[in-house]
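Data from entry.pdb: PDB, C-alpha atoms
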```pdb
MODEL        1
ATOM      1  CA  MET C 179      58.079  69.618  63.776
ATOM      2  CA  ASP C 180      58.792  72.910  65.565
ATOM      3  CA  PRO C 181      56.837  75.695  63.797
ATOM      4  CA  TYR C 182      58.879  78.455  65.424
ATOM      5  CA  ALA C 183      62.078  76.865  64.188
ATOM      6  CA  LEU C 184      60.626  77.081  60.679
ATOM      7  CA  LEU C 185      59.867  80.787  61.214
ATOM      8  CA  ARG C 186      63.503  81.334  62.193
ATOM      9  CA  ARG C 187      64.831  79.294  59.300
ATOM     10  CA  GLU C 188      67.200  81.293  57.108
ATOM     11  CA  PHE C 189      67.154  80.782  53.366
ATOM     12  CA  ALA C 190      70.131  81.835  51.287
ATOM     13  CA  PRO C 191      69.206  84.166  48.424
ATOM     14  CA  VAL C 192      68.924  82.204  45.189
ATOM     15  CA  ARG C 193      70.369  83.938  42.155
ATOM     16  CA  HIS C 194      68.819  82.569  38.994
ATOM     17  CA  ARG C 195      70.120  83.300  35.535
ATOM     18  CA  TYR C 196      67.583  82.049  33.034
ATOM     19  CA  THR C 197      67.575  81.986  29.260
ATOM     20  CA  ALA C 198      64.952  82.114  26.526
ATOM     21  CA  ARG C 199      65.303  78.333  26.309
ATOM     22  CA  ASP C 200      64.262  78.036  29.990
ATOM     23  CA  THR C 201      61.351  80.386  29.332
ATOM     24  CA  ALA C 202      60.178  78.312  26.382
ATOM     25  CA  LEU C 203      60.567  75.072  28.367
ATOM     26  CA  HIS C 204      58.331  76.438  31.132
ATOM     27  CA  ALA C 205      55.602  77.265  28.604
ATOM     28  CA  LEU C 206      55.941  73.883  26.887
ATOM     29  CA  GLY C 207      55.513  72.183  30.268
ATOM     30  CA  LEU C 208      52.175  73.979  30.594
ATOM     31  CA  GLY C 209      51.003  72.730  27.203
ATOM     32  CA  LEU C 210      51.558  75.916  25.208
ATOM     33  CA  GLY C 211      52.263  75.084  21.583
ATOM     34  CA  GLY C 212      49.627  72.354  21.512
ATOM     35  CA  ASP C 213      48.276  74.051  18.406
ATOM     36  CA  PRO C 214      51.380  74.522  16.212
ATOM     37  CA  LEU C 215      49.469  76.975  13.986
ATOM     38  CA  ASP C 216      48.406  79.321  16.803
ATOM     39  CA  ALA C 217      50.802  82.265  16.742
ATOM     40  CA  ARG C 218      49.580  83.397  20.164
ATOM     41  CA  GLN C 219      50.840  80.148  21.730
ATOM     42  CA  LEU C 220      53.999  80.050  19.624
ATOM     43  CA  ALA C 221      54.927  83.461  21.043
ATOM     44  CA  TYR C 222      55.737  81.699  24.338
ATOM     45  CA  VAL C 223      57.535  78.584  23.098
ATOM     46  CA  LEU C 224      59.985  79.603  20.375
ATOM     47  CA  PRO C 225      63.283  80.522  22.119
ATOM     48  CA  GLU C 226      64.455  82.725  19.275
ATOM     49  CA  ARG C 227      61.549  85.120  19.812
ATOM     50  CA  CYS C 228      59.571  84.048  22.885
ATOM     51  CA  ALA C 229      57.901  86.070  25.625
ATOM     52  CA  ALA C 230      57.814  85.071  29.297
ATOM     53  CA  PHE C 231      54.568  83.353  30.257
ATOM     54  CA  PRO C 232      52.943  85.136  33.259
ATOM     55  CA  THR C 233      53.535  82.210  35.643
ATOM     56  CA  LEU C 234      57.304  82.053  34.989
ATOM     57  CA  PRO C 235      58.110  83.747  38.362
ATOM     58  CA  ASN C 236      56.724  80.649  40.104
ATOM     59  CA  VAL C 237      59.849  78.696  39.075
ATOM     60  CA  LEU C 238      62.523  81.409  39.419
ATOM     61  CA  GLY C 239      64.728  81.963  42.468
ATOM     62  CA  TYR C 240      63.183  78.865  44.046
ATOM     63  CA  SER C 241      64.857  77.453  47.164
ATOM     64  CA  GLY C 242      64.053  73.902  46.106
ATOM     65  CA  PHE C 243      62.101  71.230  47.941
ATOM     66  CA  TRP C 244      63.677  72.200  51.254
ATOM     67  CA  ALA C 245      61.075  70.291  53.335
ATOM     68  CA  ARG C 246      63.118  67.134  52.600
ATOM     69  CA  GLU C 247      66.241  68.545  54.243
ATOM     70  CA  PRO C 248      67.375  67.089  57.597
ATOM     71  CA  GLY C 249      66.237  69.003  60.639
ATOM     72  CA  THR C 250      62.960  70.444  59.327
ATOM     73  CA  GLY C 251      60.912  67.814  61.169
ATOM     74  CA  ILE C 252      58.405  67.837  58.279
ATOM     75  CA  ASP C 253      56.859  64.581  57.100
ATOM     76  CA  TRP C 254      57.625  65.631  53.528
ATOM     77  CA  ARG C 255      56.124  62.528  51.898
ATOM     78  CA  ARG C 256      52.691  63.688  53.085
ATOM     79  CA  LEU C 257      53.116  67.331  52.070
ATOM     80  CA  LEU C 258      50.580  68.740  49.621
ATOM     81  CA  HIS C 259      50.639  72.110  47.870
ATOM     82  CA  VAL C 260      47.189  73.623  48.558
ATOM     83  CA  GLU C 261      47.335  77.313  47.626
ATOM     84  CA  GLN C 262      49.366  79.661  45.438
ATOM     85  CA  SER C 263      49.432  83.397  44.881
ATOM     86  CA  LEU C 264      51.406  85.492  42.429
ATOM     87  CA  THR C 265      51.745  89.259  42.196
ATOM     88  CA  LEU C 266      53.329  90.610  39.023
ATOM     89  CA  HIS C 267      54.963  94.011  39.435
ATOM     90  CA  GLU C 268      56.669  93.971  36.031
ATOM     91  CA  ARG C 269      56.625  91.809  32.927
ATOM     92  CA  LEU C 270      59.716  89.615  32.967
ATOM     93  CA  PRO C 271      61.994  89.500  29.931
ATOM     94  CA  ALA C 272      62.484  86.204  28.075
ATOM     95  CA  ASP C 273      65.981  85.950  29.552
ATOM     96  CA  GLY C 274      67.287  87.593  32.686
ATOM     97  CA  ASP C 275      69.110  87.465  36.000
ATOM     98  CA  VAL C 276      66.936  87.488  39.134
ATOM     99  CA  THR C 277      67.314  86.749  42.846
ATOM    100  CA  GLY C 278      64.740  85.032  45.031
ATOM    101  CA  TYR C 279      64.368  85.707  48.768
ATOM    102  CA  THR C 280      62.300  83.056  50.569
ATOM    103  CA  ARG C 281      60.931  83.030  54.104
ATOM    104  CA  VAL C 282      58.380  81.100  56.140
ATOM    105  CA  THR C 283      55.650  83.486  57.273
ATOM    106  CA  GLY C 284      53.544  81.259  59.510
ATOM    107  CA  VAL C 285      52.071  77.913  60.519
ATOM    108  CA  VAL C 286      48.413  77.186  61.282
ATOM    109  CA  ASP C 287      47.766  73.957  63.201
ATOM    110  CA  LYS C 288      44.517  72.302  62.063
ATOM    111  CA  GLY C 289      44.655  69.557  64.695
ATOM    112  CA  GLU C 290      46.562  66.337  65.255
ATOM    113  CA  ALA C 291      44.494  64.327  62.782
ATOM    114  CA  LYS C 292      44.110  67.153  60.239
ATOM    115  CA  GLY C 293      47.650  68.409  59.672
ATOM    116  CA  ALA C 294      49.067  71.925  59.597
ATOM    117  CA  LEU C 295      49.243  74.718  57.019
ATOM    118  CA  LEU C 296      52.687  76.127  56.191
ATOM    119  CA  TYR C 297      52.843  79.622  54.677
ATOM    120  CA  GLN C 298      55.875  80.900  52.791
ATOM    121  CA  GLU C 299      56.630  83.761  50.437
ATOM    122  CA  ARG C 300      59.320  84.549  47.891
ATOM    123  CA  ARG C 301      60.259  88.016  46.665
ATOM    124  CA  LEU C 302      61.805  88.033  43.209
ATOM    125  CA  THR C 303      64.092  90.949  42.380
ATOM    126  CA  ASP C 304      66.303  92.036  39.523
ATOM    127  CA  SER C 305      69.829  90.928  40.456
ATOM    128  CA  ALA C 306      71.405  94.076  39.017
ATOM    129  CA  ASP C 307      69.389  96.827  40.710
ATOM    130  CA  GLY C 308      67.204  95.081  43.323
ATOM    131  CA  ARG C 309      63.978  96.116  41.592
ATOM    132  CA  LEU C 310      61.001  94.076  42.826
ATOM    133  CA  LEU C 311      59.623  92.050  39.911
ATOM    134  CA  ALA C 312      57.177  89.621  41.515
ATOM    135  CA  GLU C 313      55.987  88.143  44.797
ATOM    136  CA  VAL C 314      55.117  84.459  45.101
ATOM    137  CA  GLY C 315      53.074  83.008  47.969
ATOM    138  CA  GLN C 316      52.674  79.311  48.713
ATOM    139  CA  VAL C 317      50.614  77.362  51.238
ATOM    140  CA  SER C 318      51.360  73.687  51.928
ATOM    141  CA  LEU C 319      49.271  71.200  53.885
ATOM    142  CA  LEU C 320      51.536  69.114  56.103
ATOM    143  CA  ARG C 321      49.256  66.122  56.501
ATOM    144  CA  GLY C 322      51.549  64.347  58.943
ATOM    145  CA  ASP C 323      52.384  67.302  61.216
ATOM    146  CA  GLY C 324      49.144  68.269  62.945
ATOM    147  CA  GLY C 325      49.265  69.039  66.651
ATOM    148  CA  CYS C 326      52.442  71.142  66.292
ATOM    149  CA  GLY C 327      50.895  74.464  67.401
ATOM    150  CA  SER C 328      50.138  77.650  65.469
ATOM    151  CA  THR C 329      52.250  80.767  64.987
ATOM    152  CA  MET C 330      49.490  82.869  63.391
ATOM    153  CA  ALA C 331      45.731  83.317  63.340
ATOM    154  CA  ALA C 332      43.567  81.388  60.913
ATOM    155  CA  PRO C 333      43.762  82.722  57.355
ATOM    156  CA  PRO C 334      40.951  84.777  55.782
ATOM    157  CA  ALA C 335      38.108  83.025  54.011
ATOM    158  CA  PRO C 336      38.847  82.018  50.419
ATOM    159  CA  HIS C 337      37.515  83.970  47.460
ATOM    160  CA  ARG C 338      34.039  82.851  46.382
ATOM    161  CA  VAL C 339      33.336  82.395  42.702
ATOM    162  CA  PRO C 340      29.938  83.680  41.489
ATOM    163  CA  GLU C 341      26.945  81.339  41.562
ATOM    164  CA  ARG C 342      25.726  82.336  38.093
ATOM    165  CA  ALA C 343      26.640  80.456  34.933
ATOM    166  CA  PRO C 344      30.245  81.120  33.861
ATOM    167  CA  ASP C 345      30.956  83.827  31.312
ATOM    168  CA  HIS C 346      33.563  81.668  29.598
ATOM    169  CA  VAL C 347      34.522  77.973  29.533
ATOM    170  CA  GLN C 348      37.876  76.751  28.172
ATOM    171  CA  ASP C 349      38.946  73.107  27.863
ATOM    172  CA  LEU C 350      42.662  72.304  27.669
ATOM    173  CA  PRO C 351      44.269  68.835  27.576
ATOM    174  CA  THR C 352      47.396  67.844  29.484
ATOM    175  CA  LEU C 353      50.006  65.443  28.144
ATOM    176  CA  PRO C 354      50.665  62.052  29.798
ATOM    177  CA  GLN C 355      54.281  63.217  30.241
ATOM    178  CA  ALA C 356      53.315  66.720  31.437
ATOM    179  CA  ALA C 357      54.735  66.253  34.961
ATOM    180  CA  LEU C 358      58.039  64.997  33.561
ATOM    181  CA  LEU C 359      58.235  68.073  31.335
ATOM    182  CA  TYR C 360      57.239  70.517  34.063
ATOM    183  CA  ARG C 361      59.778  69.176  36.588
ATOM    184  CA  LEU C 362      62.530  70.335  34.208
ATOM    185  CA  SER C 363      61.618  73.872  35.312
ATOM    186  CA  GLY C 364      62.961  73.071  38.786
ATOM    187  CA  ASP C 365      60.367  71.291  40.966
ATOM    188  CA  HIS C 366      61.856  67.853  41.605
ATOM    189  CA  ASN C 367      59.459  66.562  44.267
ATOM    190  CA  PRO C 368      59.483  62.809  43.447
ATOM    191  CA  VAL C 369      55.716  62.510  44.010
ATOM    192  CA  HIS C 370      55.464  63.934  40.473
ATOM    193  CA  SER C 371      57.876  61.501  38.829
ATOM    194  CA  ASP C 372      58.490  58.379  40.912
ATOM    195  CA  PRO C 373      55.635  55.835  41.071
ATOM    196  CA  ALA C 374      56.885  54.343  44.355
ATOM    197  CA  THR C 375      56.965  57.737  46.072
ATOM    198  CA  ALA C 376      53.483  58.530  44.766
ATOM    199  CA  ARG C 377      52.132  55.221  46.117
ATOM    200  CA  GLY C 378      53.819  55.907  49.451
ATOM    201  CA  ALA C 379      51.941  59.207  49.608
ATOM    202  CA  GLY C 380      48.640  57.459  48.951
ATOM    203  CA  PHE C 381      48.236  58.025  45.201
ATOM    204  CA  ASP C 382      47.914  55.481  42.413
ATOM    205  CA  ARG C 383      50.520  57.181  40.235
ATOM    206  CA  PRO C 384      52.589  60.384  40.026
ATOM    207  CA  LEU C 385      50.632  63.627  40.177
ATOM    208  CA  LEU C 386      50.754  66.697  38.008
ATOM    209  CA  HIS C 387      52.402  69.635  39.793
ATOM    210  CA  GLY C 388      49.897  72.047  41.278
ATOM    211  CA  LEU C 389      51.793  74.898  39.641
ATOM    212  CA  CYS C 390      51.437  73.194  36.279
ATOM    213  CA  THR C 391      47.666  72.989  36.800
ATOM    214  CA  PHE C 392      47.738  76.652  37.836
ATOM    215  CA  GLY C 393      49.624  77.536  34.644
ATOM    216  CA  VAL C 394      47.110  75.653  32.491
ATOM    217  CA  ALA C 395      44.313  77.651  34.156
ATOM    218  CA  VAL C 396      46.146  80.912  33.403
ATOM    219  CA  HIS C 397      46.489  79.737  29.788
ATOM    220  CA  ALA C 398      42.695  79.280  29.793
ATOM    221  CA  LEU C 399      42.202  82.814  31.118
ATOM    222  CA  LEU C 400      44.464  84.248  28.429
ATOM    223  CA  ALA C 401      42.657  82.317  25.701
ATOM    224  CA  GLY C 402      39.294  83.380  27.108
ATOM    225  CA  PRO C 403      38.428  86.563  29.028
ATOM    226  CA  LEU C 404      41.847  88.238  28.619
ATOM    227  CA  ALA C 405      41.977  87.774  24.845
ATOM    228  CA  TRP C 406      45.733  87.033  25.109
ATOM    229  CA  ASP C 407      46.516  90.381  26.748
ATOM    230  CA  ALA C 408      48.911  89.109  29.450
ATOM    231  CA  ALA C 409      49.886  92.646  30.468
ATOM    232  CA  ARG C 410      46.499  93.003  32.204
ATOM    233  CA  LEU C 411      47.358  90.388  34.850
ATOM    234  CA  HIS C 412      48.449  91.851  38.180
ATOM    235  CA  ARG C 413      47.613  89.442  41.008
ATOM    236  CA  LEU C 414      46.513  85.787  40.986
ATOM    237  CA  ARG C 415      45.415  83.488  43.784
ATOM    238  CA  VAL C 416      44.020  79.958  43.708
ATOM    239  CA  ARG C 417      43.369  76.942  45.931
ATOM    240  CA  PHE C 418      44.279  73.379  44.948
ATOM    241  CA  THR C 419      41.362  71.169  45.958
ATOM    242  CA  ALA C 420      42.144  67.787  44.367
ATOM    243  CA  PRO C 421      45.069  66.164  42.539
ATOM    244  CA  VAL C 422      45.419  66.077  38.769
ATOM    245  CA  TYR C 423      46.955  63.163  36.898
ATOM    246  CA  PRO C 424      48.977  63.843  33.738
ATOM    247  CA  GLY C 425      46.907  63.222  30.629
ATOM    248  CA  GLU C 426      43.623  64.514  32.054
ATOM    249  CA  THR C 427      41.626  67.337  30.466
ATOM    250  CA  LEU C 428      41.155  70.563  32.430
ATOM    251  CA  ARG C 429      38.026  72.687  32.041
ATOM    252  CA  THR C 430      38.371  76.231  33.384
ATOM    253  CA  GLU C 431      35.234  78.276  34.034
ATOM    254  CA  SER C 432      35.612  82.033  34.516
ATOM    255  CA  TRP C 433      33.497  85.002  35.543
ATOM    256  CA  THR C 434      34.452  88.616  34.774
ATOM    257  CA  ASP C 435      33.322  91.439  37.079
ATOM    258  CA  ASP C 436      34.892  94.872  36.645
ATOM    259  CA  GLY C 437      38.628  94.408  37.286
ATOM    260  CA  THR C 438      38.376  90.863  38.649
ATOM    261  CA  VAL C 439      38.195  87.480  36.934
ATOM    262  CA  SER C 440      37.047  84.601  39.153
ATOM    263  CA  PHE C 441      37.833  81.085  37.997
ATOM    264  CA  ARG C 442      37.493  77.400  38.829
ATOM    265  CA  THR C 443      38.966  74.332  37.097
ATOM    266  CA  HIS C 444      37.578  70.780  36.772
ATOM    267  CA  VAL C 445      39.040  67.515  35.547
ATOM    268  CA  ILE C 446      36.509  66.514  32.909
ATOM    269  CA  GLU C 447      37.210  62.771  33.066
ATOM    270  CA  ARG C 448      36.473  62.546  36.793
ATOM    271  CA  ALA C 449      34.029  65.476  37.160
ATOM    272  CA  THR C 450      36.256  66.756  39.969
ATOM    273  CA  VAL C 451      37.040  70.342  40.957
ATOM    274  CA  VAL C 452      40.838  70.640  41.176
ATOM    275  CA  LEU C 453      41.266  74.438  41.407
ATOM    276  CA  ASP C 454      38.809  76.605  43.301
ATOM    277  CA  ALA C 455      38.476  80.105  44.732
ATOM    278  CA  GLY C 456      40.539  81.389  41.805
ATOM    279  CA  ARG C 457      40.873  85.140  41.501
ATOM    280  CA  ALA C 458      42.784  87.273  39.014
ATOM    281  CA  ASP C 459      43.007  91.012  39.682
ATOM    282  CA  LEU C 460      43.578  93.000  36.509
ATOM    283  CA  ARG C 461      45.466  96.206  35.884
TER
ENDMDL
END
```
Starting from the coordinates I provided, produce the structure as structure tokens.
Amino acid sequence: MDPYALLRREFAPVRHRYTARDTALHALGLGLGGDPLDARQLAYVLPERCAAFPTLPNVLGYSGFWAREPGTGIDWRRLLHVEQSLTLHERLPADGDVTGYTRVTGVVDKGEAKGALLYQERRLTDSADGRLLAEVGQVSLLRGDGGCGSTMAAPPAPHRVPERAPDHVQDLPTLPQAALLYRLSGDHNPVHSDPATARGAGFDRPLLHGLCTFGVAVHALLAGPLAWDAARLHRLRVRFTAPVYPGETLRTESWTDDGTVSFRTHVIERATVVLDAGRADLR
């Protein structure tokens, strides 16, 4: 893999027309609607009157799983999504027309036996007037591509969650078919759907998408410290520290300090931290 070739890689703008049905499907993939009597959840999953869930920009204007394309040099079967950030400049409508602009921003080589970190960003704009709606950042660990060389300095230290007891704890289940539902929003990496691909990557069975886990954590924040006021969310960042299997229960702990909510998510069944260094900056 040539990291400088990835920096030079050109991505065609991706125009994405989405409907209220797509918006509802995204929320359903995150488990919203699990309580059919909760009007606050139903507000995100009924196409005839739904609102866009805050994490919807993660799946809009997406360039696809381009690491599989010929010529990248990436060992894509050993790629893991390890960090995500999302900055919301405006609340998205339930249906709209947006354009995504993707670019690789850097590579950090961790060593031949440790892999490399690939940084990319996507700017999401309104297709009609070019207005910036959201910015999406993604970090991938390329486990099979260490020793390639770095194009940037090491990243800053991750956010540290407080050491005191959490201010709020929210448990949310995931469905056994959650990954199959979430992939309908556009992420078709076969490690989330094909058992043979998952085994080839070293896992017993298909994994839940990291962005699905992220969305479940945001659901927990809305149900807890944000009291369902999604308009308060401005910037989110989180690290993926362990895989989640569909059907597991996610416990999100959160701490509120002034305009910041720190959070961390565990899989209850395995007592394993799967999201860490979570930070939500509020308006």
When you draw a straight line from atom CA of C:Glu247 to atom CA of C:Arg193, how long is it in Å? 20.0 Å
Matched chain/residue IDs from the PyMOL selection byres ((chain C and resi 305-318) around 6), as a PyMOL selection string: chain C and resi 258-268+275-277+295-304+319
For each of C:Leu362, C:Val223, C:Ala398, C:Val285, take the minimum atom-to-atom distance to C:Ala205, counting only C-alpha atoms, then give the residue where this is smallest. C:Val223
Could you tell me how far atom CA of C:Leu220 sits from atom CA of C:Thr197, in Å to one decimal place?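 So the answer is 16.8 Å.
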Contacts of C:Pro333 at 10 Å (all atoms listed in the file; same-chain gap of 2+ positions) as a PyMOL selection string: chain C and resi 286+295+297+330-331+335-336
Report, in Å with one decimal, the straight-line distance from atom CA of C:Leu460 to atom CA of C:Pro225.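 Computing the Euclidean distance for atom CA of C:Leu460 and atom CA of C:Pro225 yields 27.4 Å.
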Minimum-distance residue to C:Glu290, chosen among C:Leu206, C:Cys326, C:Leu399, C:Leu234 (using only C-alpha atoms):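 Nearest candidate to C:Glu290 out of C:Leu206, C:Cys326, C:Leu399, C:Leu234: C:Cys326.
Counting all atoms listed in the file and comparing C:Arg218, C:Arg269, C:Arg442, C:His194, the residue that lies closest to C:Tyr240 is C:His194.
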Kindly indicate which residue among C:Gly456, C:Pro181, C:Pro344, C:Gly211 lies nearest to C:Gly284, using all atoms listed in the file for the distances. C:Pro181
Nearest to C:Leu359 among C:Ala458, C:Leu203, C:Ala217, C:Ala405, with distances taken over only C-alpha atoms: which residue is it?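 Looking only at the distances to C:Leu359, the closest residue turns out to be C:Leu203.
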Using all atoms listed in the file, which of the listed residues (C:Pro340, C:Gly239, C:Ala455, C:Ala420) sits closest to C:Val192? C:Gly239
Resolved residues for the PyMOL selection byres ((chain C and resi 424) around 8) as a ChimeraX atom specification: /C:352-357,385-386,422-423,425-426
Explicit residues for the PyMOL selection byres ((chain C and resi 191) around 6) (as a PyMOL selection string): chain C and resi 190+192+278-279
Which residues, written as a PyMOL selection string, have at least one atom at most 7 Å from C:Trp254, with only C-alpha atoms counted and residues fewer than 3 positions away on the same chain left out? chain C and resi 245-246+257
Grab all the atoms of stretch 372-390 of chain C that the file lists, wrap them in a box along x, y and z, add 4 Å per side, and give me centre plus edge lengths in Å (one decimal) as AutoDock Vina command-line options.
```
--center_x 53.2 --center_y 64.6 --center_z 42.9 --size_x 18.6 --size_y 28.6 --size_z 21.3
```
Residues at most 6 Å from C:Ala198, counting only C-alpha atoms, excluding those fewer than 3 positions away in the same chain, as a list in words?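 Result of the neighbour search: Thr201, Pro225, Ala272 and Asp273 of chain C.
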